[in-house]
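File shown here: final-v7.tsv, holding TSV, C-alpha atoms.
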```tsv
chain	number	residue	atom	x	y	z
L	1	MET	CA	22.42	-8.45	-16.04
L	2	VAL	CA	25.78	-9.28	-14.46
L	3	LYS	CA	29.14	-10.08	-16.00
L	4	ASP	CA	32.27	-10.85	-13.96
L	5	ASN	CA	30.44	-9.76	-10.77
L	6	GLN	CA	29.70	-6.36	-12.31
L	7	ILE	CA	26.20	-5.10	-13.13
L	8	ILE	CA	26.19	-4.14	-16.80
L	9	ALA	CA	22.47	-3.58	-17.46
L	10	THR	CA	19.33	-3.11	-15.37
L	11	VAL	CA	15.60	-2.61	-15.58
L	12	SER	CA	13.17	-2.13	-12.67
L	13	VAL	CA	9.48	-3.05	-12.43
L	14	ASN	CA	7.06	-1.30	-10.08
L	15	ILE	CA	3.83	-3.29	-9.59
L	16	LEU	CA	0.83	-1.04	-8.97
L	17	THR	CA	-2.77	-0.33	-9.92
L	18	ILE	CA	-3.97	2.36	-12.31
L	19	LEU	CA	-7.35	3.93	-11.64
L	20	ILE	CA	-8.98	4.93	-14.95
L	21	ASN	CA	-12.49	6.38	-14.97
L	22	GLY	CA	-13.20	4.55	-11.72
L	23	ASP	CA	-11.89	1.17	-12.94
L	24	GLU	CA	-8.92	-0.48	-11.25
L	25	VAL	CA	-6.43	-1.81	-13.81
L	26	PRO	CA	-3.38	-3.96	-12.88
L	27	ALA	CA	-0.26	-2.21	-14.14
L	28	ILE	CA	3.50	-2.11	-14.04
L	29	GLN	CA	5.73	0.90	-14.39
L	30	ILE	CA	9.11	0.21	-15.95
L	31	GLY	CA	12.08	2.27	-14.82
L	32	THR	CA	15.84	2.38	-14.42
L	33	VAL	CA	16.53	1.03	-17.91
L	34	MET	CA	20.30	1.50	-17.83
L	35	ARG	CA	23.47	-0.09	-19.11
L	36	ASP	CA	27.16	0.31	-18.43
L	37	GLU	CA	28.88	2.65	-20.89
L	38	GLY	CA	31.31	-0.10	-21.82
L	39	TYR	CA	28.48	-2.37	-22.98
L	40	GLN	CA	26.46	-0.11	-25.26
L	41	ASN	CA	24.95	-1.41	-28.49
L	42	LYS	CA	25.17	-5.02	-27.29
L	43	GLY	CA	21.40	-5.57	-27.14
L	44	TYR	CA	21.38	-6.10	-23.38
L	45	SER	CA	18.61	-3.57	-22.70
L	46	ARG	CA	16.53	-5.25	-25.38
L	47	LEU	CA	17.03	-8.65	-23.71
L	48	LEU	CA	15.93	-7.27	-20.34
L	49	MET	CA	12.87	-5.56	-21.85
L	50	GLU	CA	11.90	-8.81	-23.59
L	51	LYS	CA	12.23	-10.63	-20.27
L	52	VAL	CA	9.95	-8.10	-18.56
L	53	LEU	CA	7.33	-8.41	-21.29
L	54	GLU	CA	7.48	-12.19	-20.98
L	55	ASP	CA	7.26	-12.30	-17.17
L	56	TYR	CA	4.44	-9.76	-17.01
L	57	SER	CA	2.52	-10.70	-20.14
L	58	HIS	CA	-0.62	-11.08	-17.99
L	59	ILE	CA	-0.54	-7.37	-17.00
L	60	PRO	CA	-2.80	-5.32	-19.31
L	61	PHE	CA	-1.24	-1.90	-18.68
L	62	MET	CA	2.48	-1.20	-18.89
L	63	TYR	CA	4.08	2.22	-18.98
L	64	LEU	CA	7.30	4.14	-18.54
L	65	PHE	CA	8.88	7.57	-18.83
L	66	ALA	CA	11.63	7.84	-21.43
L	67	ASN	CA	14.23	10.52	-21.91
L	68	ASP	CA	14.73	12.15	-25.30
L	69	THR	CA	17.68	9.93	-26.29
L	70	VAL	CA	15.64	6.70	-26.44
L	71	LEU	CA	12.30	7.74	-27.93
L	72	ASP	CA	12.77	5.31	-30.84
L	73	PHE	CA	13.59	2.36	-28.57
L	74	TYR	CA	10.30	1.65	-26.80
L	75	PRO	CA	7.94	1.62	-29.81
L	76	LYS	CA	9.81	-1.53	-30.88
L	77	PHE	CA	8.15	-3.27	-27.92
L	78	GLY	CA	4.64	-2.03	-28.60
L	79	PHE	CA	4.76	1.14	-26.50
L	80	ARG	CA	3.20	4.32	-27.81
L	81	HIS	CA	3.54	7.92	-26.78
L	82	MET	CA	0.66	9.55	-24.90
L	83	GLU	CA	0.31	13.24	-24.19
L	84	GLU	CA	-0.12	14.38	-20.61
L	85	THR	CA	-1.98	17.50	-19.54
L	86	ILE	CA	-0.99	19.91	-16.79
L	87	PHE	CA	-3.90	21.48	-14.89
L	88	SER	CA	-3.75	24.99	-13.43
L	89	CYS	CA	-6.18	27.54	-12.08
L	90	ASN	CA	-6.01	31.23	-11.26
L	91	TYR	CA	-6.15	32.09	-7.60
L	92	MET	CA	-6.74	35.18	-5.49
L	93	VAL	CA	-6.22	35.20	-1.76
L	94	ALA	CA	-9.49	34.34	-0.03
L	95	ASN	CA	-10.86	35.87	3.15
L	96	GLY	CA	-11.58	32.48	4.66
L	97	CYS	CA	-10.10	30.87	7.73
L	98	PRO	CA	-6.89	29.00	6.93
L	99	ALA	CA	-6.22	25.90	8.97
L	100	SER	CA	-3.16	25.42	11.12
L	101	PHE	CA	-0.40	23.33	9.62
L	102	GLY	CA	2.95	21.89	10.54
L	103	LYS	CA	6.03	21.12	8.51
L	104	LEU	CA	7.25	17.54	8.16
L	105	ASP	CA	10.98	16.94	7.89
L	106	GLY	CA	12.02	14.40	5.26
L	107	THR	CA	15.33	13.90	7.06
L	108	LYS	CA	13.73	12.72	10.32
L	109	GLN	CA	12.80	9.08	10.81
L	110	GLU	CA	9.66	9.79	12.84
L	111	ASP	CA	8.29	12.13	10.18
L	112	LEU	CA	9.07	9.63	7.42
L	113	GLU	CA	7.28	6.89	9.33
L	114	PHE	CA	4.30	9.23	9.69
L	115	ILE	CA	4.24	9.97	5.95
L	116	TYR	CA	4.53	6.28	5.07
L	117	LYS	CA	1.68	5.33	7.40
L	118	LYS	CA	-0.58	7.93	5.79
L	119	ALA	CA	0.47	6.88	2.28
L	120	LEU	CA	-0.50	3.27	3.01
L	121	THR	CA	-4.13	4.19	3.66
L	122	ARG	CA	-4.51	7.12	1.29
L	123	LYS	CA	-7.46	7.80	-0.98
L	124	PRO	CA	-6.55	8.32	-4.66
L	125	ASN	CA	-6.62	11.98	-5.66
L	126	SER	CA	-8.69	11.24	-8.75
L	127	ALA	CA	-10.96	8.47	-10.02
L	128	LEU	CA	-10.39	9.82	-13.53
L	129	PHE	CA	-6.70	8.87	-13.58
L	130	SER	CA	-4.56	7.99	-10.59
L	131	THR	CA	-2.38	5.27	-9.08
L	132	THR	CA	-2.58	3.09	-5.96
L	133	GLY	CA	-0.02	0.88	-4.26
L	134	THR	CA	2.75	3.44	-4.81
L	135	GLU	CA	3.67	4.32	-1.23
L	136	GLU	CA	7.33	3.35	-1.75
L	137	LEU	CA	7.58	5.73	-4.69
L	138	VAL	CA	5.93	8.46	-2.60
L	139	MET	CA	8.62	7.93	0.03
L	140	PHE	CA	11.35	8.45	-2.56
L	141	TYR	CA	9.92	11.90	-3.23
L	142	ALA	CA	9.51	12.63	0.47
L	143	ILE	CA	13.15	11.75	1.12
L	144	LYS	CA	14.96	12.87	-2.03
L	145	ILE	CA	12.86	15.49	-3.84
L	146	PHE	CA	10.61	17.27	-1.32
L	147	PRO	CA	12.19	16.68	2.13
L	148	GLN	CA	11.43	20.28	3.14
L	149	ASN	CA	8.15	20.67	1.25
L	150	CYS	CA	5.81	18.31	3.09
L	151	TYR	CA	3.12	19.77	5.33
L	152	TRP	CA	0.50	18.27	7.65
L	153	ILE	CA	-2.91	19.99	7.86
L	154	ASP	CA	-4.58	18.52	10.89
L	155	GLU	CA	-8.05	19.89	10.12
L	156	GLU	CA	-8.06	18.03	6.81
L	157	GLN	CA	-6.01	15.07	8.07
L	158	ALA	CA	-3.90	15.56	4.95
L	159	ILE	CA	-0.27	15.74	3.93
L	160	VAL	CA	0.38	18.27	1.19
L	161	MET	CA	3.57	18.20	-0.88
L	162	CYS	CA	3.88	21.65	-2.40
L	163	GLN	CA	6.21	24.56	-3.05
L	164	HIS	CA	6.02	28.11	-4.32
L	165	GLN	CA	7.80	29.27	-7.44
L	166	GLY	CA	7.21	32.97	-7.73
L	167	SER	CA	3.45	33.61	-7.67
L	168	THR	CA	2.61	29.97	-8.48
L	169	LEU	CA	1.89	27.31	-5.88
L	170	HIS	CA	2.82	23.88	-7.24
L	171	ILE	CA	0.89	21.07	-5.53
L	172	TYR	CA	2.62	17.74	-6.15
L	173	ASP	CA	0.47	15.51	-3.97
L	174	ILE	CA	-2.30	15.51	-1.38
L	175	ILE	CA	-2.23	12.44	0.85
L	176	SER	CA	-5.35	11.71	2.86
L	177	LYS	CA	-7.65	8.75	3.49
L	178	ARG	CA	-10.72	10.93	3.06
L	179	GLU	CA	-12.09	13.45	0.60
L	180	VAL	CA	-10.32	16.75	1.22
L	181	ASN	CA	-11.70	20.27	1.16
L	182	ILE	CA	-9.50	21.87	-1.48
L	183	THR	CA	-10.68	25.35	-0.47
L	184	THR	CA	-9.25	24.85	3.03
L	185	ILE	CA	-6.01	23.48	1.63
L	186	LEU	CA	-5.55	26.40	-0.75
L	187	GLU	CA	-6.41	28.98	1.90
L	188	THR	CA	-3.84	27.35	4.18
L	189	MET	CA	-0.93	26.83	1.78
L	190	THR	CA	-1.13	29.99	-0.36
L	191	THR	CA	0.34	33.40	0.44
L	192	GLU	CA	-0.66	36.95	-0.45
L	193	GLU	CA	1.56	36.68	-3.53
L	194	THR	CA	-0.08	33.50	-4.88
L	195	ARG	CA	-1.88	34.04	-8.17
L	196	LYS	CA	-1.85	30.58	-9.72
L	197	ILE	CA	-2.17	26.95	-8.61
L	198	THR	CA	-0.61	24.14	-10.67
L	199	PHE	CA	-1.49	20.52	-9.93
L	200	HIS	CA	1.02	17.77	-10.71
L	201	PHE	CA	-1.66	15.07	-10.80
L	202	THR	CA	-5.15	14.87	-12.32
L	203	PRO	CA	-7.35	17.11	-10.16
L	204	THR	CA	-11.12	16.63	-10.11
L	205	PHE	CA	-12.10	19.21	-7.49
L	206	GLU	CA	-15.52	20.45	-8.59
L	207	ASN	CA	-15.27	24.02	-7.32
L	208	LEU	CA	-12.22	24.96	-9.40
L	209	THR	CA	-11.99	26.12	-13.02
L	210	TYR	CA	-8.99	24.59	-14.74
L	211	THR	CA	-6.75	25.71	-17.54
L	212	LYS	CA	-5.43	22.68	-19.44
L	213	LYS	CA	-2.08	22.73	-21.23
L	214	GLU	CA	0.02	20.06	-22.89
L	215	PHE	CA	2.62	18.92	-20.39
L	216	SER	CA	6.26	18.64	-21.36
L	217	ASP	CA	9.43	18.13	-19.36
L	218	HIS	CA	12.57	16.02	-19.60
L	219	SER	CA	10.67	12.74	-20.11
L	220	THR	CA	8.02	11.29	-22.41
L	221	PHE	CA	5.10	9.11	-21.27
L	222	PHE	CA	4.83	5.75	-23.08
L	223	ILE	CA	2.11	3.14	-22.57
L	224	ARG	CA	1.51	-0.44	-23.74
L	225	ILE	CA	-2.08	-1.66	-23.39
L	226	THR	CA	-3.29	-5.18	-24.19
L	227	GLN	CA	-6.97	-4.70	-23.41
L	228	GLU	CA	-9.62	-2.14	-24.32
L	229	LEU	CA	-9.40	0.80	-21.92
L	230	ASN	CA	-11.28	4.08	-21.97
L	231	MET	CA	-8.37	6.47	-21.44
L	232	PRO	CA	-9.38	10.03	-20.48
L	233	LEU	CA	-8.69	12.75	-23.02
L	234	HIS	CA	-6.86	14.91	-20.48
L	235	PHE	CA	-4.89	13.50	-17.55
L	236	LYS	CA	-1.66	13.91	-15.61
L	237	HIS	CA	0.16	10.92	-14.17
L	238	PRO	CA	0.80	11.65	-10.46
L	239	ASN	CA	4.21	13.19	-10.06
L	240	THR	CA	4.98	11.38	-6.81
L	241	SER	CA	4.42	7.93	-8.29
L	242	GLN	CA	6.73	8.39	-11.25
L	243	ALA	CA	9.68	6.02	-11.06
```
For this file, produce the structure as structure tokens.
Amino acid sequence: MVKDNQIIATVSVNILTILINGDEVPAIQIGTVMRDEGYQNKGYSRLLMEKVLEDYSHIPFMYLFANDTVLDFYPKFGFRHMEETIFSCNYMVANGCPASFGKLDGTKQEDLEFIYKKALTRKPNSALFSTTGTEELVMFYAIKIFPQNCYWIDEEQAIVMCQHQGSTLHIYDIISKREVNITTILETMTTEETRKITFHFTPTFENLTYTKKEFSDHSTFFIRITQELNMPLHFKHPNTSQA
């Protein structure tokens, strides 16, 4: 929304596909709902949200992440809060053979082009709950959030976005066009100090035992569904496709 050549309110729409229990569901993710401080309480955000709902009324799955100051706003448009689950597992250093890996630099054009190419042909990390068609969002994280935390494991033909925090290895994404061997990835990316693995997506690796915990951070997950969908009881929206 523009007034006197100045943007006074915005909303963005990311068109993608949600994978739920193996079913592909057309979806949009709403983001960047903002307004100029001088135009608060004018109803402009409401007008933009109504326009989005009108233009995309044919899309059965809409969702967004809201900060704590606007939790009462989105239920007015039919959105409801859904709990996310964070998945972790205990880990002890294995005596296997870690694969060789290289670091990708999110400040270098050639590395970014490499990441984007792999993201275009990636396999979803989970058929239980995942997203597809989100390579542009992945690139935002590669450039702005994890420019020094992207690694290429040639043996697995996989990019791993991860970082250590103390004794915990946080895995934010695994990008590959084939099924990966999670054992090889963990043996490669962990250190002698690693005692815990936390996944920031919905992991379905069969040879791991997960601890499930209610996820909470600075945002709240809201969904608006207009058709019957069998949502999983426990899931985590992929971190690197969050707008």
Considering only C-alpha atoms, give me a table of residues in range 37-127 of chain L that are at most 10 Å from range 222-236 of chain L, with the closest atom pair and distance in Å for each, as CSV.
```
residue,atom,partner,partner_atom,distance
L:Ser57,CA,L:Thr226,CA,9.0
L:His58,CA,L:Thr226,CA,9.0
L:Ile59,CA,L:Thr226,CA,8.0
L:Pro60,CA,L:Thr226,CA,4.9
L:Phe61,CA,L:Ile225,CA,4.8
L:Met62,CA,L:Arg224,CA,5.0
L:Tyr63,CA,L:Ile223,CA,4.2
L:Leu64,CA,L:Phe222,CA,5.4
L:Phe65,CA,L:Phe222,CA,6.1
L:Ala66,CA,L:Phe222,CA,7.3
L:Leu71,CA,L:Phe222,CA,9.1
L:Tyr74,CA,L:Phe222,CA,7.8
L:Pro75,CA,L:Phe222,CA,8.5
L:Phe77,CA,L:Arg224,CA,8.3
L:Gly78,CA,L:Arg224,CA,6.0
L:Phe79,CA,L:Arg224,CA,4.5
L:Arg80,CA,L:Phe222,CA,5.2
L:His81,CA,L:Phe222,CA,4.5
L:Met82,CA,L:Phe222,CA,5.9
L:Glu83,CA,L:His234,CA,8.2
L:Glu84,CA,L:Lys236,CA,5.3
L:Thr85,CA,L:Phe235,CA,5.3
L:Ile86,CA,L:Lys236,CA,6.2
L:Phe87,CA,L:Lys236,CA,7.9
L:Ser126,CA,L:Phe235,CA,9.8
```
Close residues, Ile143 in chain L itself excluded, 7 Å, only C-alpha atoms, min 4 positions apart in chain, as an mmCIF file with C-alpha atoms, in the coordinates of the input:
```
data_model
loop_
_atom_site.group_PDB
_atom_site.id
_atom_site.type_symbol
_atom_site.label_atom_id
_atom_site.label_comp_id
_atom_site.auth_asym_id
_atom_site.auth_seq_id
_atom_site.Cartn_x
_atom_site.Cartn_y
_atom_site.Cartn_z
ATOM 1 C CA GLY L 106 12.020 14.400 5.260
ATOM 2 C CA THR L 107 15.330 13.900 7.060
ATOM 3 C CA MET L 139 8.620 7.930 0.030
ATOM 4 C CA PRO L 147 12.190 16.680 2.130
#
```
12 Å contact set for Tyr39 in chain L, only C-alpha atoms, chain neighbours under 6 positions out, as a list in words: Met1, Val2, Lys3, Gln6, Ile7, Ile8, Ala9, Thr10 and Ser45 of chain L
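Between CA of Pro98 in chain L and CA of Ile197 in chain L the interatomic distance comes to 16.4 Å.
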Neighbour residues at most 9 Å from (-5.7, 42.2, -5.3) (only C-alpha atoms) as a PyMOL selection string: chain L and resi 92-93+192
d(CA of Ile18 in chain L, CA of Glu54 in chain L) in Å: 20.4 Å
Test item: residues at most 9 Å from Ala94 in chain L, only C-alpha atoms, excluding those fewer than 2 positions along its chain, as a ChimeraX atom specification: /L:91-92,96-97,186-187
Å distance separating CA of Lys117 in chain L from CA of Glu136 in chain L, one decimal place: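 Atom-to-atom, CA of Lys117 in chain L and CA of Glu136 in chain L are spaced 10.9 Å apart.
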Residues within 7 Å of Phe201 in chain L, all atoms listed in the file, excluding chain neighbours under 5 positions, as a PyMOL selection string: chain L and resi 172+236-239
Given only C-alpha atoms, how would the per-residue table for range 162-204 of chain L near range 208-221 of chain L read, listing every residue at most 12 Å away with its closest atom pair and distance in Å to one decimal, sorted by chain and number, as a tab-separated table?
```
residue	atom	partner	partner_atom	distance
L:Asn181	CA	L:Leu208	CA	11.6
L:Ile182	CA	L:Leu208	CA	8.9
L:Thr183	CA	L:Leu208	CA	9.1
L:Leu186	CA	L:Leu208	CA	11.0
L:Lys196	CA	L:Thr211	CA	10.4
L:Ile197	CA	L:Tyr210	CA	9.5
L:Thr198	CA	L:Tyr210	CA	9.3
L:Phe199	CA	L:Tyr210	CA	9.8
L:His200	CA	L:Phe215	CA	9.9
L:Phe201	CA	L:Phe215	CA	11.2
L:Thr202	CA	L:Lys212	CA	10.6
L:Pro203	CA	L:Tyr210	CA	8.9
L:Thr204	CA	L:Leu208	CA	8.4
```
Counting all atoms listed in the file, the option among L:Lys144, L:Lys123, L:Lys42, L:Arg195 closest to Ser167 in chain L: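 The answer is L:Arg195, which sits nearest to Ser167 in chain L.
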Top pick for closest residue to Asp23 in chain L, considering L:Val160, L:Val180, L:Leu128, L:Leu137 and counting all atoms listed in the file: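 Between L:Val160, L:Val180, L:Leu128, L:Leu137, the residue approaching Asp23 in chain L most closely is L:Leu128.
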Box in all listed atoms of range 90-105 of chain L, axis-aligned, with 4 Å more on each side; write out centre and edge lengths in Å to one decimal as AutoDock Vina command-line options.
```
--center_x -0.3 --center_y 26.4 --center_z -0.1 --size_x 30.6 --size_y 26.9 --size_z 30.4
```
L:Thr134, L:Ser12, L:Ile20, L:Leu112 ranked by distance to Met34 in chain L, top pick (using all atoms listed in the file):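 When distances to Met34 in chain L are compared using all atoms listed in the file, the smallest one comes from L:Ser12.
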Contacts of Asp105 in chain L within 10 Å, only C-alpha atoms, excl. fewer than 4 positions in-chain, as a list of chain:residue names: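 That gives L:Gln109, L:Glu110, L:Asp111, L:Leu112, L:Ile115, L:Ala142, L:Ile143, L:Phe146, L:Pro147, L:Gln148, L:Asn149, L:Cys150, L:Tyr151.
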Nearest-residue call for Pro124 in chain L, choices L:Asp154, L:Asp36, L:Glu24, L:Asp4, using all atoms listed in the file: L:Glu24
Counting only C-alpha atoms, the residue of L:Ile153, L:Cys89, L:Ala27, L:Ala158 that sits nearest His170 in chain L: L:Cys89
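Proximity to Trp152 in chain L was assessed for L:Leu104, L:Leu169, L:Ile30, L:Ala119 counting all atoms listed in the file; the smallest distance is recorded for L:Leu104.
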Completed range 94-120 of chain L (N, CA and C atoms) as a PDB file, keeping the file's coordinate frame:
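Written file, part.pdb:
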```
ATOM      1  N   ALA L  94      -8.133  34.322  -0.568  1.00  0.00           N
ATOM      2  CA  ALA L  94      -9.490  34.340  -0.030  1.00  0.00           C
ATOM      3  C   ALA L  94      -9.497  34.954   1.368  1.00  0.00           C
ATOM      4  N   ASN L  95     -10.699  35.309   1.811  1.00  0.00           N
ATOM      5  CA  ASN L  95     -10.860  35.870   3.150  1.00  0.00           C
ATOM      6  C   ASN L  95     -11.385  34.821   4.124  1.00  0.00           C
ATOM      7  N   GLY L  96     -11.111  33.562   3.813  1.00  0.00           N
ATOM      8  CA  GLY L  96     -11.580  32.480   4.660  1.00  0.00           C
ATOM      9  C   GLY L  96     -10.698  32.296   5.884  1.00  0.00           C
ATOM     10  N   CYS L  97     -10.861  31.162   6.514  1.00  0.00           N
ATOM     11  CA  CYS L  97     -10.100  30.870   7.730  1.00  0.00           C
ATOM     12  C   CYS L  97      -9.113  29.745   7.445  1.00  0.00           C
ATOM     13  N   PRO L  98      -7.863  30.066   7.183  1.00  0.00           N
ATOM     14  CA  PRO L  98      -6.890  29.000   6.930  1.00  0.00           C
ATOM     15  C   PRO L  98      -6.711  28.109   8.148  1.00  0.00           C
ATOM     16  N   ALA L  99      -6.433  26.849   7.889  1.00  0.00           N
ATOM     17  CA  ALA L  99      -6.220  25.900   8.970  1.00  0.00           C
ATOM     18  C   ALA L  99      -4.773  25.983   9.458  1.00  0.00           C
ATOM     19  N   SER L 100      -4.534  25.491  10.626  1.00  0.00           N
ATOM     20  CA  SER L 100      -3.160  25.420  11.120  1.00  0.00           C
ATOM     21  C   SER L 100      -2.449  24.252  10.453  1.00  0.00           C
ATOM     22  N   PHE L 101      -1.156  24.398  10.262  1.00  0.00           N
ATOM     23  CA  PHE L 101      -0.400  23.330   9.620  1.00  0.00           C
ATOM     24  C   PHE L 101       0.986  23.245  10.229  1.00  0.00           C
ATOM     25  N   GLY L 102       1.594  22.094  10.067  1.00  0.00           N
ATOM     26  CA  GLY L 102       2.950  21.890  10.540  1.00  0.00           C
ATOM     27  C   GLY L 102       3.820  21.333   9.433  1.00  0.00           C
ATOM     28  N   LYS L 103       5.102  21.579   9.529  1.00  0.00           N
ATOM     29  CA  LYS L 103       6.030  21.120   8.510  1.00  0.00           C
ATOM     30  C   LYS L 103       6.609  19.766   8.899  1.00  0.00           C
ATOM     31  N   LEU L 104       6.633  18.845   7.949  1.00  0.00           N
ATOM     32  CA  LEU L 104       7.250  17.540   8.160  1.00  0.00           C
ATOM     33  C   LEU L 104       8.656  17.563   7.582  1.00  0.00           C
ATOM     34  N   ASP L 105       9.569  16.922   8.271  1.00  0.00           N
ATOM     35  CA  ASP L 105      10.980  16.940   7.890  1.00  0.00           C
ATOM     36  C   ASP L 105      11.359  15.596   7.268  1.00  0.00           C
ATOM     37  N   GLY L 106      11.669  15.616   5.975  1.00  0.00           N
ATOM     38  CA  GLY L 106      12.020  14.400   5.260  1.00  0.00           C
ATOM     39  C   GLY L 106      13.367  13.815   5.633  1.00  0.00           C
ATOM     40  N   THR L 107      14.062  14.448   6.577  1.00  0.00           N
ATOM     41  CA  THR L 107      15.330  13.900   7.060  1.00  0.00           C
ATOM     42  C   THR L 107      15.172  13.235   8.419  1.00  0.00           C
ATOM     43  N   LYS L 108      13.966  13.289   9.001  1.00  0.00           N
ATOM     44  CA  LYS L 108      13.730  12.720  10.320  1.00  0.00           C
ATOM     45  C   LYS L 108      12.932  11.423  10.209  1.00  0.00           C
ATOM     46  N   GLN L 109      13.412  10.391  10.900  1.00  0.00           N
ATOM     47  CA  GLN L 109      12.800   9.080  10.810  1.00  0.00           C
ATOM     48  C   GLN L 109      11.340   9.094  11.254  1.00  0.00           C
ATOM     49  N   GLU L 110      11.037   9.793  12.337  1.00  0.00           N
ATOM     50  CA  GLU L 110       9.660   9.790  12.840  1.00  0.00           C
ATOM     51  C   GLU L 110       8.703  10.441  11.849  1.00  0.00           C
ATOM     52  N   ASP L 111       9.146  11.477  11.171  1.00  0.00           N
ATOM     53  CA  ASP L 111       8.290  12.130  10.180  1.00  0.00           C
ATOM     54  C   ASP L 111       8.116  11.233   8.949  1.00  0.00           C
ATOM     55  N   LEU L 112       9.171  10.547   8.560  1.00  0.00           N
ATOM     56  CA  LEU L 112       9.070   9.630   7.420  1.00  0.00           C
ATOM     57  C   LEU L 112       8.138   8.473   7.722  1.00  0.00           C
ATOM     58  N   GLU L 113       8.198   7.960   8.932  1.00  0.00           N
ATOM     59  CA  GLU L 113       7.280   6.890   9.330  1.00  0.00           C
ATOM     60  C   GLU L 113       5.841   7.382   9.313  1.00  0.00           C
ATOM     61  N   PHE L 114       5.625   8.626   9.709  1.00  0.00           N
ATOM     62  CA  PHE L 114       4.300   9.230   9.690  1.00  0.00           C
ATOM     63  C   PHE L 114       3.782   9.343   8.252  1.00  0.00           C
ATOM     64  N   ILE L 115       4.627   9.824   7.361  1.00  0.00           N
ATOM     65  CA  ILE L 115       4.240   9.970   5.950  1.00  0.00           C
ATOM     66  C   ILE L 115       3.907   8.607   5.346  1.00  0.00           C
ATOM     67  N   TYR L 116       4.743   7.620   5.634  1.00  0.00           N
ATOM     68  CA  TYR L 116       4.530   6.280   5.070  1.00  0.00           C
ATOM     69  C   TYR L 116       3.215   5.677   5.556  1.00  0.00           C
ATOM     70  N   LYS L 117       2.923   5.847   6.832  1.00  0.00           N
ATOM     71  CA  LYS L 117       1.680   5.330   7.400  1.00  0.00           C
ATOM     72  C   LYS L 117       0.477   5.955   6.705  1.00  0.00           C
ATOM     73  N   LYS L 118       0.534   7.246   6.460  1.00  0.00           N
ATOM     74  CA  LYS L 118      -0.580   7.930   5.790  1.00  0.00           C
ATOM     75  C   LYS L 118      -0.672   7.507   4.325  1.00  0.00           C
ATOM     76  N   ALA L 119       0.471   7.289   3.685  1.00  0.00           N
ATOM     77  CA  ALA L 119       0.470   6.880   2.280  1.00  0.00           C
ATOM     78  C   ALA L 119      -0.127   5.493   2.089  1.00  0.00           C
ATOM     79  N   LEU L 120       0.030   4.634   3.085  1.00  0.00           N
ATOM     80  CA  LEU L 120      -0.500   3.270   3.010  1.00  0.00           C
ATOM     81  C   LEU L 120      -2.024   3.236   2.932  1.00  0.00           C
TER      82      LEU L 120
END
```
